[in-house]
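Student: Take a look at my_file-v6.cif, mmCIF, C-alpha atoms:
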data_target
#
loop_
_atom_site.label_atom_id
_atom_site.label_comp_id
_atom_site.auth_asym_id
_atom_site.auth_seq_id
_atom_site.Cartn_x
_atom_site.Cartn_y
_atom_site.Cartn_z
CA MET A 1 -52.93 148.85 33.35
CA GLU A 2 -53.41 145.32 32.05
CA ALA A 3 -51.22 142.50 33.35
CA ARG A 4 -48.13 141.86 31.27
CA PRO A 5 -48.45 138.51 29.47
CA VAL A 6 -45.83 135.85 30.11
CA ASP A 7 -45.12 133.22 27.48
CA VAL A 8 -43.85 130.26 29.49
CA MET A 9 -43.17 128.36 26.26
CA ARG A 10 -40.60 130.97 25.19
CA LEU A 11 -39.15 131.77 28.59
CA ALA A 12 -38.94 128.16 29.72
CA VAL A 13 -36.09 127.51 27.28
CA ARG A 14 -33.83 130.24 28.66
CA GLU A 15 -35.18 131.00 32.10
CA SER A 16 -37.19 127.99 33.14
CA ASP A 17 -37.32 128.69 36.89
CA ARG A 18 -38.21 132.35 36.41
CA ALA A 19 -40.93 131.55 33.87
CA VAL A 20 -42.52 128.97 36.14
CA ARG A 21 -42.42 131.36 39.10
CA LEU A 22 -44.17 134.06 37.08
CA VAL A 23 -46.95 131.71 36.00
CA HIS A 24 -47.23 130.34 39.53
CA ARG A 25 -47.75 133.88 40.87
CA ALA A 26 -50.39 134.52 38.19
CA ARG A 27 -52.20 131.29 39.11
CA GLU A 28 -52.19 132.05 42.83
CA ALA A 29 -53.56 135.54 42.19
CA ARG A 30 -56.27 134.19 39.89
CA LEU A 31 -57.35 131.64 42.50
CA ALA A 32 -57.48 134.35 45.15
CA GLY A 33 -59.56 136.61 42.91
CA GLU A 34 -56.81 139.21 42.85
CA ARG A 35 -55.24 141.13 39.97
CA MET A 36 -52.63 138.94 38.32
CA PRO A 37 -49.13 140.49 38.26
CA VAL A 38 -48.57 138.85 34.87
CA ALA A 39 -51.04 137.27 32.47
CA PRO A 40 -50.76 133.64 31.39
CA ARG A 41 -50.94 132.72 27.73
CA ALA A 42 -54.44 133.35 26.34
CA GLU A 43 -55.32 129.66 26.00
CA ILE A 44 -54.18 128.96 29.55
CA GLY A 45 -56.09 131.90 31.00
CA ALA A 46 -59.26 130.84 29.18
CA SER A 47 -58.83 127.30 30.49
CA TRP A 48 -58.35 128.50 34.07
CA ASN A 49 -61.61 130.44 33.75
CA ARG A 50 -63.49 127.40 32.44
CA VAL A 51 -62.10 125.19 35.20
CA LEU A 52 -62.95 127.69 37.92
CA ARG A 53 -66.53 127.86 36.64
CA SER A 54 -66.76 124.07 36.70
CA GLY A 55 -65.71 123.99 40.37
CA VAL A 56 -62.51 121.92 40.13
CA ASP A 57 -60.51 122.05 43.38
CA PRO A 58 -56.93 123.19 42.60
CA GLU A 59 -55.67 121.11 45.55
CA LYS A 60 -57.53 117.95 44.54
CA SER A 61 -55.94 114.68 43.59
CA THR A 62 -55.95 113.86 39.89
CA HIS A 63 -57.07 110.31 40.62
CA SER A 64 -60.32 109.22 38.97
CA VAL A 65 -62.37 106.03 38.82
CA LEU A 66 -60.80 103.97 36.05
CA LEU A 67 -62.87 102.33 33.35
CA GLU A 68 -63.20 98.57 33.65
CA PRO A 69 -60.87 96.60 31.35
CA ASP A 70 -63.75 95.33 29.21
CA GLU A 71 -65.02 98.90 28.76
CA ILE A 72 -61.54 100.07 27.74
CA GLU A 73 -61.34 97.26 25.21
CA HIS A 74 -64.82 98.10 23.87
CA ARG A 75 -63.83 101.74 23.39
CA ARG A 76 -60.62 100.71 21.66
CA ARG A 77 -62.50 98.51 19.20
CA SER A 78 -65.06 101.25 18.59
CA SER A 79 -62.42 103.89 17.82
CA ALA A 80 -60.83 104.30 14.41
CA LEU A 81 -57.70 105.37 16.28
CA GLY A 82 -57.11 101.70 17.07
CA GLU A 83 -56.40 101.14 13.38
CA VAL A 84 -53.58 103.70 13.41
CA MET A 85 -52.06 102.89 16.80
CA PRO A 86 -49.14 101.05 15.13
CA LEU A 87 -48.45 104.22 13.15
CA LEU A 88 -48.67 106.41 16.25
CA GLY A 89 -46.44 104.02 18.14
CA ASP A 90 -43.82 104.00 15.38
CA ALA A 91 -43.89 107.80 15.12
CA LEU A 92 -43.87 108.76 18.79
CA THR A 93 -43.05 105.95 21.21
CA ALA A 94 -39.32 105.74 20.44
CA ILE A 95 -38.99 109.53 20.68
CA ALA A 96 -40.97 109.63 23.92
CA ASP A 97 -38.88 106.83 25.42
CA ALA A 98 -35.59 108.48 24.53
CA SER A 99 -36.73 111.86 25.90
CA GLN A 100 -38.02 110.43 29.21
CA GLN A 101 -41.67 110.92 28.25
CA ILE A 102 -44.72 108.83 27.36
CA MET A 103 -47.28 108.87 24.56
CA VAL A 104 -50.95 108.88 25.60
CA VAL A 105 -53.99 108.46 23.32
CA THR A 106 -57.50 109.23 24.59
CA ASP A 107 -61.05 109.13 23.27
CA VAL A 108 -63.25 112.21 22.80
CA GLU A 109 -64.19 112.20 26.50
CA GLY A 110 -60.56 112.37 27.59
CA ARG A 111 -60.46 108.74 28.77
CA VAL A 112 -57.00 107.21 28.34
CA LEU A 113 -57.19 104.23 25.96
CA TRP A 114 -53.50 103.65 25.24
CA ARG A 115 -50.17 104.74 26.68
CA GLN A 116 -46.61 103.79 25.73
CA GLY A 117 -43.11 105.08 26.35
CA ASN A 118 -40.39 105.28 28.98
CA THR A 119 -40.87 102.62 31.67
CA GLY A 120 -39.80 104.87 34.53
CA VAL A 121 -42.13 107.67 33.45
CA LEU A 122 -45.00 105.18 33.10
CA ARG A 123 -44.53 104.30 36.77
CA ARG A 124 -44.49 108.00 37.72
CA ALA A 125 -47.61 108.54 35.60
CA ASP A 126 -49.43 106.01 37.76
CA ASP A 127 -48.90 108.37 40.72
CA ILE A 128 -50.98 111.08 39.00
CA CYS A 129 -53.45 108.55 37.51
CA LEU A 130 -52.30 109.12 33.94
CA ALA A 131 -53.29 105.50 33.40
CA GLU A 132 -55.43 103.51 30.98
CA GLY A 133 -59.09 104.19 31.73
CA ALA A 134 -58.45 107.43 33.64
CA ALA A 135 -60.40 110.66 33.02
CA TRP A 136 -58.40 113.68 31.77
CA SER A 137 -61.03 116.16 30.67
CA GLU A 138 -60.83 119.69 32.08
CA GLU A 139 -63.90 118.98 34.20
CA SER A 140 -62.11 116.02 35.81
CA THR A 141 -58.49 117.15 36.06
CA GLY A 142 -58.39 120.90 35.44
CA THR A 143 -56.16 122.58 32.86
CA ASN A 144 -54.02 119.96 31.13
CA ALA A 145 -53.01 119.40 27.52
CA ILE A 146 -55.45 116.53 26.89
CA GLY A 147 -58.51 118.15 28.43
CA THR A 148 -57.75 121.62 27.08
CA ALA A 149 -57.16 120.25 23.56
CA ILE A 150 -60.60 118.62 23.77
CA ALA A 151 -62.15 121.90 24.91
CA VAL A 152 -60.58 124.14 22.24
CA ARG A 153 -60.09 121.55 19.45
CA THR A 154 -56.55 122.79 18.72
CA PRO A 155 -53.04 121.61 19.71
CA VAL A 156 -52.08 122.76 23.23
CA GLN A 157 -48.92 122.64 25.34
CA VAL A 158 -49.21 122.99 29.14
CA HIS A 159 -46.10 123.30 31.29
CA SER A 160 -45.60 123.10 35.04
CA ALA A 161 -47.60 125.78 36.93
CA GLU A 162 -49.87 126.32 33.92
CA HIS A 163 -51.66 123.17 35.12
CA PHE A 164 -54.61 124.15 37.28
CA VAL A 165 -54.22 121.31 39.79
CA ARG A 166 -51.09 121.76 41.92
CA SER A 167 -50.06 118.09 41.87
CA LEU A 168 -49.39 118.40 38.11
CA HIS A 169 -46.87 121.24 38.44
CA GLY A 170 -44.04 118.74 38.10
CA TRP A 171 -45.24 117.72 34.62
CA THR A 172 -45.21 119.05 31.06
CA CYS A 173 -47.50 117.88 28.28
CA ALA A 174 -48.41 118.62 24.67
CA ALA A 175 -51.53 117.32 22.94
CA ALA A 176 -53.26 117.58 19.58
CA PRO A 177 -56.77 116.56 18.46
CA VAL A 178 -57.24 113.89 15.81
CA ARG A 179 -60.26 114.59 13.61
CA ASP A 180 -62.14 112.28 11.30
CA PRO A 181 -60.94 113.48 7.87
CA ARG A 182 -64.32 112.61 6.37
CA ASP A 183 -66.49 114.96 8.44
CA GLY A 184 -64.18 116.84 10.83
CA ARG A 185 -65.60 115.11 13.91
CA LEU A 186 -63.22 114.79 16.88
CA MET A 187 -61.97 111.21 17.25
CA GLY A 188 -59.56 111.57 20.14
CA ILE A 189 -56.36 113.14 21.44
CA VAL A 190 -52.69 112.20 21.04
CA ASP A 191 -50.46 113.50 23.82
CA ILE A 192 -46.82 113.51 24.94
CA SER A 193 -46.30 113.89 28.70
CA GLY A 194 -43.33 113.74 31.03
CA PRO A 195 -41.60 115.36 34.00
CA ALA A 196 -41.34 119.15 33.74
CA SER A 197 -37.58 118.84 33.24
CA THR A 198 -38.21 117.17 29.86
CA PHE A 199 -39.98 120.24 28.43
CA HIS A 200 -39.10 121.24 24.88
CA PRO A 201 -41.06 123.77 22.76
CA THR A 202 -40.85 121.62 19.61
CA THR A 203 -42.87 118.82 21.25
CA LEU A 204 -46.11 120.58 20.34
CA ALA A 205 -45.19 120.72 16.65
CA LEU A 206 -44.19 117.06 16.76
CA VAL A 207 -47.49 115.96 18.30
CA GLY A 208 -49.46 118.09 15.83
CA SER A 209 -47.60 116.57 12.89
CA VAL A 210 -48.25 113.04 14.12
CA ALA A 211 -51.95 113.80 14.60
CA ARG A 212 -52.12 115.00 10.98
CA LEU A 213 -50.27 111.87 9.91
CA ALA A 214 -52.88 109.74 11.69
CA GLU A 215 -55.68 111.64 9.95
CA SER A 216 -54.02 111.07 6.58
CA GLU A 217 -53.74 107.34 7.30
CA ILE A 218 -57.42 107.16 8.29
CA ARG A 219 -58.38 108.96 5.07
CA THR A 220 -56.29 106.55 2.98
CA ARG A 221 -57.81 103.50 4.67
CA HIS A 222 -61.31 104.89 4.14
CA LEU A 223 -60.76 105.52 0.43
CA GLU A 224 -59.31 102.05 -0.01
CA SER A 225 -62.32 100.43 1.68
CA ILE A 226 -64.74 102.51 -0.44
CA ASP A 227 -62.90 101.41 -3.60
CA ARG A 228 -63.17 97.76 -2.57
CA LEU A 229 -66.89 98.14 -1.88
CA ARG A 230 -67.43 99.97 -5.18
CA SER A 231 -65.75 97.17 -7.14
CA VAL A 232 -68.27 94.70 -5.68
CA ALA A 233 -71.36 96.92 -5.83
CA ALA A 234 -71.00 98.66 -9.21
CA PRO A 235 -71.81 95.55 -11.34
CA MET A 236 -74.84 94.82 -9.13
CA LEU A 237 -76.19 98.37 -9.42
CA CYS A 238 -75.89 98.20 -13.21
CA ARG A 239 -78.36 95.30 -13.22
CA LEU A 240 -80.84 96.84 -10.79
CA GLY A 241 -83.80 98.99 -11.77
CA GLY A 242 -85.06 101.88 -9.69
CA ARG A 243 -83.13 103.74 -7.02
CA ALA A 244 -80.30 102.07 -5.14
CA MET A 245 -76.94 102.78 -3.54
CA ALA A 246 -74.06 100.99 -1.86
CA VAL A 247 -72.73 102.46 1.37
CA ASP A 248 -70.10 101.42 3.89
CA PRO A 249 -71.10 100.48 7.49
CA HIS A 250 -71.08 104.18 8.45
CA GLY A 251 -73.21 105.28 5.49
CA TRP A 252 -70.45 106.71 3.27
CA LEU A 253 -71.38 106.36 -0.39
CA ALA A 254 -69.51 103.97 -2.67
CA ALA A 255 -71.89 103.76 -5.67
CA VAL A 256 -75.39 104.94 -6.65
CA THR A 257 -77.93 104.51 -9.42
CA GLY A 258 -81.26 106.15 -10.19
CA MET A 259 -80.84 109.10 -7.81
CA PRO A 260 -78.48 112.01 -7.11
CA PRO A 261 -75.37 111.01 -5.12
CA VAL A 262 -74.93 112.06 -1.50
CA ASP A 263 -71.77 112.07 0.59
CA ARG A 264 -73.30 110.04 3.38
CA LEU A 265 -76.56 108.23 4.07
CA PRO A 266 -77.72 108.49 7.72
CA LEU A 267 -78.10 104.94 9.04
CA PRO A 268 -79.62 103.61 12.25
CA LYS A 269 -77.11 102.28 14.78
CA SER A 270 -78.34 98.69 14.56
CA LEU A 271 -79.04 98.27 10.86
CA GLN A 272 -80.20 94.78 9.86
CA GLN A 273 -81.06 93.02 6.63
CA GLY A 274 -84.64 93.43 5.43
CA ARG A 275 -87.17 96.22 5.07
CA VAL A 276 -86.09 99.35 6.92
CA TRP A 277 -87.47 102.87 7.09
CA LEU A 278 -84.69 105.40 6.46
CA PRO A 279 -85.65 109.01 7.17
CA SER A 280 -84.00 110.49 4.08
CA LEU A 281 -85.30 107.86 1.62
CA GLY A 282 -88.44 106.27 3.06
CA MET A 283 -89.00 102.52 2.94
CA CYS A 284 -85.93 100.60 1.74
CA ARG A 285 -84.74 97.05 1.36
CA VAL A 286 -81.28 96.54 2.85
CA GLU A 287 -78.92 93.69 2.04
CA PRO A 288 -75.38 93.10 3.31
CA LEU A 289 -72.37 93.48 1.01
CA PRO A 290 -68.70 92.77 1.75
CA GLY A 291 -67.71 95.95 3.58
CA GLY A 292 -71.12 97.65 3.54
CA TRP A 293 -74.78 97.59 2.57
CA LEU A 294 -76.88 97.57 -0.58
CA VAL A 295 -79.83 99.94 -0.10
CA GLN A 296 -82.76 99.76 -2.54
CA VAL A 297 -85.53 102.33 -2.26
CA ALA A 298 -88.96 100.67 -2.25
CA ASP A 299 -90.84 102.91 -4.69
CA GLY A 300 -94.49 101.92 -4.50
CA ALA A 301 -97.80 102.14 -2.71
CA THR A 302 -96.68 99.74 0.01
CA ASP A 303 -94.54 102.44 1.59
CA SER A 304 -96.04 103.82 4.80
CA PRO A 305 -94.94 106.83 6.83
CA PRO A 306 -93.66 106.66 10.40
CA ARG A 307 -96.43 106.61 12.99
CA ARG A 308 -94.82 107.78 16.21
CA VAL A 309 -92.11 110.22 17.31
CA VAL A 310 -90.58 110.11 20.80
CA LEU A 311 -88.65 113.24 21.78
CA ASP A 312 -86.37 112.19 24.63
CA LEU A 313 -85.32 115.18 26.75
CA SER A 314 -84.82 113.19 29.95
CA ARG A 315 -81.00 113.51 29.94
CA PRO A 316 -79.23 116.79 28.99
CA ARG A 317 -76.32 114.89 27.43
CA GLY A 318 -78.50 112.32 25.67
CA LEU A 319 -80.98 114.43 23.74
CA ALA A 320 -82.55 112.33 20.98
CA VAL A 321 -85.56 111.85 18.77
CA ASN A 322 -86.81 108.31 18.16
CA VAL A 323 -89.04 107.54 15.18
CA VAL A 324 -91.14 104.38 15.35
CA SER A 325 -92.70 103.07 12.12
CA PRO A 326 -94.76 99.94 11.41
CA VAL A 327 -91.61 98.11 10.29
CA GLY A 328 -88.98 99.32 12.73
CA ALA A 329 -87.44 102.25 14.59
CA TRP A 330 -84.47 104.58 14.36
CA ALA A 331 -82.97 107.31 16.52
CA GLN A 332 -81.24 110.63 15.87
CA ARG A 333 -79.08 112.49 18.41
CA LEU A 334 -80.02 116.14 18.83
CA SER A 335 -78.13 119.33 19.50
CA PRO A 336 -79.64 121.52 22.26
CA ARG A 337 -80.94 123.96 19.64
CA HIS A 338 -82.67 121.24 17.61
CA ALA A 339 -84.15 119.84 20.83
CA GLU A 340 -85.62 123.28 21.59
CA LEU A 341 -87.18 123.51 18.14
CA LEU A 342 -88.73 120.04 18.27
CA PHE A 343 -90.00 120.72 21.79
CA ALA A 344 -91.74 123.87 20.55
CA LEU A 345 -93.34 121.96 17.66
CA ALA A 346 -94.43 119.20 20.03
CA LEU A 347 -96.23 121.79 22.18
CA HIS A 348 -97.88 123.40 19.14
CA ARG A 349 -99.16 120.53 17.02
CA GLU A 350 -101.11 122.96 14.85
CA GLY A 351 -97.78 124.31 13.63
CA ARG A 352 -95.63 127.41 13.98
CA THR A 353 -94.48 130.01 11.50
CA ALA A 354 -90.82 130.96 11.34
CA SER A 355 -91.63 134.14 13.22
CA GLU A 356 -93.49 132.26 15.96
CA LEU A 357 -90.63 129.80 16.36
CA ALA A 358 -88.16 132.69 16.56
CA GLU A 359 -90.25 134.09 19.41
CA ASP A 360 -90.36 130.64 21.07
CA ILE A 361 -86.61 130.07 20.86
CA PHE A 362 -85.01 133.53 20.98
CA GLY A 363 -87.78 135.78 22.29
CA ASP A 364 -87.27 137.74 19.07
CA PRO A 365 -89.74 137.21 16.18
CA THR A 366 -87.33 138.80 13.69
CA ARG A 367 -84.76 135.99 13.85
CA THR A 368 -86.47 133.97 11.14
CA VAL A 369 -83.34 133.39 9.04
CA THR A 370 -81.73 131.43 11.88
CA VAL A 371 -84.91 129.43 12.47
CA ARG A 372 -85.28 128.51 8.79
CA ALA A 373 -81.65 127.41 8.60
CA GLU A 374 -81.95 125.19 11.68
CA ILE A 375 -85.25 123.66 10.51
CA SER A 376 -83.64 122.94 7.14
CA ARG A 377 -80.86 121.03 8.92
CA LEU A 378 -83.43 119.10 10.96
CA ARG A 379 -85.42 118.14 7.87
CA ARG A 380 -82.35 116.52 6.29
CA HIS A 381 -82.89 113.68 8.76
CA LEU A 382 -86.56 114.10 9.69
CA ALA A 383 -88.16 115.00 6.37
CA GLU A 384 -90.66 112.15 6.69
CA VAL A 385 -92.08 113.42 9.99
CA LEU A 386 -91.65 117.20 9.73
CA ALA A 387 -93.90 119.25 7.48
CA HIS A 388 -93.69 122.95 6.64
CA ARG A 389 -95.98 125.90 5.82
CA PRO A 390 -96.35 126.06 8.79
CA TYR A 391 -93.57 124.07 10.45
CA ARG A 392 -95.14 121.11 12.27
CA PHE A 393 -95.09 117.39 12.83
CA GLY A 394 -96.85 115.65 9.96
CA ASP A 395 -100.51 114.70 10.02
CA GLY A 396 -101.13 111.36 11.67
CA VAL A 397 -97.79 111.33 13.50
CA GLU A 398 -98.15 110.63 17.21
CA VAL A 399 -95.69 112.68 19.29
CA GLU A 400 -94.51 111.87 22.81
CA VAL A 401 -92.10 113.97 24.88
CA ILE A 402 -90.10 112.27 27.64
CA HIS A 403 -89.39 114.89 30.31
CA PRO A 404 -86.66 114.71 32.96
CA GLU A 405 -87.69 113.64 36.43
CA HIS A 406 -87.43 117.18 37.78
CA PRO A 407 -88.92 120.11 35.81
CA ALA A 408 -85.85 122.29 36.41
CA ASP A 409 -83.74 119.74 34.49
CA LEU A 410 -85.61 120.30 31.22
CA LEU A 411 -82.86 121.47 28.83
CA PRO A 412 -81.14 123.10 31.83
CA ARG A 413 -78.87 125.41 29.83
CA SER A 414 -81.63 126.62 27.55
CA LYS A 415 -82.84 130.21 27.79
CA ALA A 416 -85.57 129.73 25.14
CA PRO A 417 -88.86 131.25 26.35
CA VAL A 418 -90.78 128.13 25.35
CA VAL A 419 -88.51 126.03 27.59
CA THR A 420 -88.35 128.39 30.58
CA ALA A 421 -92.15 128.66 30.54
CA ALA A 422 -92.47 124.85 30.52
CA ARG A 423 -90.10 124.54 33.49
CA SER A 424 -92.24 126.83 35.64
CA ALA A 425 -95.54 125.38 34.43
CA ARG A 426 -94.83 121.80 35.53
#
Show the structure stored in the file as structure tokens.
Tutor:
Amino acid sequence: MEARPVDVMRLAVRESDRAVRLVHRAREARLAGERMPVAPRAEIGASWNRVLRSGVDPEKSTHSVLLEPDEIEHRRRSSALGEVMPLLGDALTAIADASQQIMVVTDVEGRVLWRQGNTGVLRRADDICLAEGAAWSEESTGTNAIGTAIAVRTPVQVHSAEHFVRSLHGWTCAAAPVRDPRDGRLMGIVDISGPASTFHPTTLALVGSVARLAESEIRTRHLESIDRLRSVAAPMLCRLGGRAMAVDPHGWLAAVTGMPPVDRLPLPKSLQQGRVWLPSLGMCRVEPLPGGWLVQVADGATDSPPRRVVLDLSRPRGLAVNVVSPVGAWAQRLSPRHAELLFALALHREGRTASELAEDIFGDPTRTVTVRAEISRLRRHLAEVLAHRPYRFGDGVEVEVIHPEHPADLLPRSKAPVVTAARSAR
């Protein structure tokens, strides 16, 4: 018979002590590898399993090495959430203060960038290292609303014994992810935390609503900035011949002439004025505009293709491809799957068919549909260096692969035959 599930969110309102005891018994049984007398909520059980696999000690301290103040400030300036902190503060801080709780905002890694709220609770939060610069991912601190919301990308409430680490059993927290409304990318987490006695089931809905409010504000600010850029760029584009576009600092399109519009133009991280090779357009001339860039495609015989590709597989969390051309360089971060595909093409410079790549990556030559779809995504950014029929790096392109120091660390989570063979061959 399966364990009976216990919903601590529902029971905590009427029978708080009993609900906590039930979850505590389930946690102790799970840690001991025994059958749980009751089952935790599905999201809590899944989190416990992830945390156990990652090796977090349930008796550990939640203290972590804090980021240096200058690093915290750098991350604040780099995050769009900084622009909406006044809104978040207005929406949540007064409520948190009155309810003996605090508001916490983190980046995508779970590092605390801001916290506000009740002064007494802020002091208590220092005791569990819920402080600016602290790490609150699941890998660092076990099951908690911030880290679990990062892991599952949905709002999460964690109460008392649902926390994996015992020292957090006196706390309750609710957190929601904030996504970039332009592309859905996670930007950070907004959280309400406080002593377990301050638990209320509506806190989760409140935090979720404020996260959506922040996303709406970010969308409004983006559209306003694009409109301002368009008002400057549109008259200029009318006078230009050939292909050109105006984009904001992140590549979002404001105006275009002479070519089909795109939502976003991939830009190198350190774009500068002058002649620049852009992978989706070729050689371009880039000039600064108020709030963005004017990009003119250099249509002519002077354009030259990239000469060298460096596939950097030295760090599992920093997979990248670097393209070096006669006039500059640019880099593109890679997913593990795209890194596998490029590694296979680097080993087989003569090229691979879709069937051969399916065998390289999946050990199954019939999975050609998946391979073609992934190569198509890669070519959106690497069209100038990747050829097809068969799939290969283009003629005249020099390819270098940077391996990790130890062969076993080559794409360590990959099960692709082409990767496992390379690990054992080195």
Student: Any chance you could work out the residue set of the PyMOL selection byres ((chain A and resi 66) around 8) here, as a PDB file with C-alpha atoms, in the frame of the given file?
Tutor:
ATOM      1  CA  SER A  64     -60.320 109.220  38.970  1.00  0.00           C
ATOM      2  CA  VAL A  65     -62.370 106.030  38.820  1.00  0.00           C
ATOM      3  CA  LEU A  67     -62.870 102.330  33.350  1.00  0.00           C
ATOM      4  CA  GLU A  68     -63.200  98.570  33.650  1.00  0.00           C
ATOM      5  CA  GLU A 132     -55.430 103.510  30.980  1.00  0.00           C
ATOM      6  CA  GLY A 133     -59.090 104.190  31.730  1.00  0.00           C
ATOM      7  CA  ALA A 134     -58.450 107.430  33.640  1.00  0.00           C
ATOM      8  CA  ALA A 135     -60.400 110.660  33.020  1.00  0.00           C
TER       9      ALA A 135
END
Student: I'd like to know which of A:Arg239, A:Arg307, A:His163, A:Arg50 is closest to Asn322 of chain A, using all atoms listed in the file.
Tutor: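 Nearest candidate to Asn322 of chain A out of A:Arg239, A:Arg307, A:His163, A:Arg50: A:Arg307.
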Student: Starting from the displayed file, determine the output of the PyMOL selection byres ((chain A and resi 351-365) around 8) and express the residue list as a PDB file with C-alpha atoms, in the coordinates of the input.
Tutor:
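Result went into result24.pdb, see below:
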ATOM      1  CA  GLU A 340     -85.620 123.280  21.590  1.00  0.00           C
ATOM      2  CA  LEU A 341     -87.180 123.510  18.140  1.00  0.00           C
ATOM      3  CA  ALA A 344     -91.740 123.870  20.550  1.00  0.00           C
ATOM      4  CA  LEU A 345     -93.340 121.960  17.660  1.00  0.00           C
ATOM      5  CA  HIS A 348     -97.880 123.400  19.140  1.00  0.00           C
ATOM      6  CA  ARG A 349     -99.160 120.530  17.020  1.00  0.00           C
ATOM      7  CA  GLU A 350    -101.110 122.960  14.850  1.00  0.00           C
ATOM      8  CA  THR A 366     -87.330 138.800  13.690  1.00  0.00           C
ATOM      9  CA  ARG A 367     -84.760 135.990  13.850  1.00  0.00           C
ATOM     10  CA  THR A 368     -86.470 133.970  11.140  1.00  0.00           C
ATOM     11  CA  VAL A 371     -84.910 129.430  12.470  1.00  0.00           C
ATOM     12  CA  ARG A 372     -85.280 128.510   8.790  1.00  0.00           C
ATOM     13  CA  ARG A 389     -95.980 125.900   5.820  1.00  0.00           C
ATOM     14  CA  PRO A 390     -96.350 126.060   8.790  1.00  0.00           C
ATOM     15  CA  TYR A 391     -93.570 124.070  10.450  1.00  0.00           C
ATOM     16  CA  ARG A 392     -95.140 121.110  12.270  1.00  0.00           C
ATOM     17  CA  PHE A 393     -95.090 117.390  12.830  1.00  0.00           C
ATOM     18  CA  LYS A 415     -82.840 130.210  27.790  1.00  0.00           C
ATOM     19  CA  ALA A 416     -85.570 129.730  25.140  1.00  0.00           C
ATOM     20  CA  PRO A 417     -88.860 131.250  26.350  1.00  0.00           C
ATOM     21  CA  VAL A 418     -90.780 128.130  25.350  1.00  0.00           C
TER      22      VAL A 418
END
Student: Between A:Ala26, A:Pro316, A:Gly396, A:Ile375, which is the closest to Arg413 of chain A once you count all atoms listed in the file?
Tutor: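 Distance minimum relative to Arg413 of chain A lands on A:Pro316.
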Student: Run the PyMOL selection byres ((chain A and resi 241-252) around 6) mentally over the shown coordinates, then write out the matched residues as number ranges by chain, using the chain letters and numbers from the document.
Tutor: A: 240, 253-259, 264-266, 291-297
Student: Create the file for the chosen residues now, containing C-alpha atoms and written as an mmCIF file, in the coordinates of the input.
Tutor:
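What ended up in result-v7.cif:
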data_model
loop_
_atom_site.group_PDB
_atom_site.id
_atom_site.type_symbol
_atom_site.label_atom_id
_atom_site.label_comp_id
_atom_site.auth_asym_id
_atom_site.auth_seq_id
_atom_site.Cartn_x
_atom_site.Cartn_y
_atom_site.Cartn_z
ATOM 1 C CA LEU A 240 -80.840 96.840 -10.790
ATOM 2 C CA LEU A 253 -71.380 106.360 -0.390
ATOM 3 C CA ALA A 254 -69.510 103.970 -2.670
ATOM 4 C CA ALA A 255 -71.890 103.760 -5.670
ATOM 5 C CA VAL A 256 -75.390 104.940 -6.650
ATOM 6 C CA THR A 257 -77.930 104.510 -9.420
ATOM 7 C CA GLY A 258 -81.260 106.150 -10.190
ATOM 8 C CA MET A 259 -80.840 109.100 -7.810
ATOM 9 C CA ARG A 264 -73.300 110.040 3.380
ATOM 10 C CA LEU A 265 -76.560 108.230 4.070
ATOM 11 C CA PRO A 266 -77.720 108.490 7.720
ATOM 12 C CA GLY A 291 -67.710 95.950 3.580
ATOM 13 C CA GLY A 292 -71.120 97.650 3.540
ATOM 14 C CA TRP A 293 -74.780 97.590 2.570
ATOM 15 C CA LEU A 294 -76.880 97.570 -0.580
ATOM 16 C CA VAL A 295 -79.830 99.940 -0.100
ATOM 17 C CA GLN A 296 -82.760 99.760 -2.540
ATOM 18 C CA VAL A 297 -85.530 102.330 -2.260
#
Student: What is the atom CA of Thr148 of chain A-atom CA of Gly318 of chain A distance in Å, reported with one decimal?
Tutor: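 Computing it gives 22.8 Å between the two atoms.
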Student: Do you know which residues are at most 7 Å from Val401 of chain A counting all atoms listed in the file, after dropping those on the same chain fewer than 3 positions away, and could you put them as a VMD selection string?
Tutor: chain A and resid 310 to 312
Student: Could you save those same residues with C-alpha atoms as a JSON list (two decimals), keeping the file's coordinate frame?
Tutor:
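New file part17.json:
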[["chain", "number", "residue", "atom", "x", "y", "z"],
["A", 310, "VAL", "CA", -90.58, 110.11, 20.80],
["A", 311, "LEU", "CA", -88.65, 113.24, 21.78],
["A", 312, "ASP", "CA", -86.37, 112.19, 24.63]]
Student: Taking into account only C-alpha atoms, which residue in the set A:Met236, A:Ala175, A:Ala298, A:Leu410 is nearest to Val276 of chain A?
Tutor: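 Among A:Met236, A:Ala175, A:Ala298, A:Leu410, it is A:Ala298 that comes nearest to Val276 of chain A.
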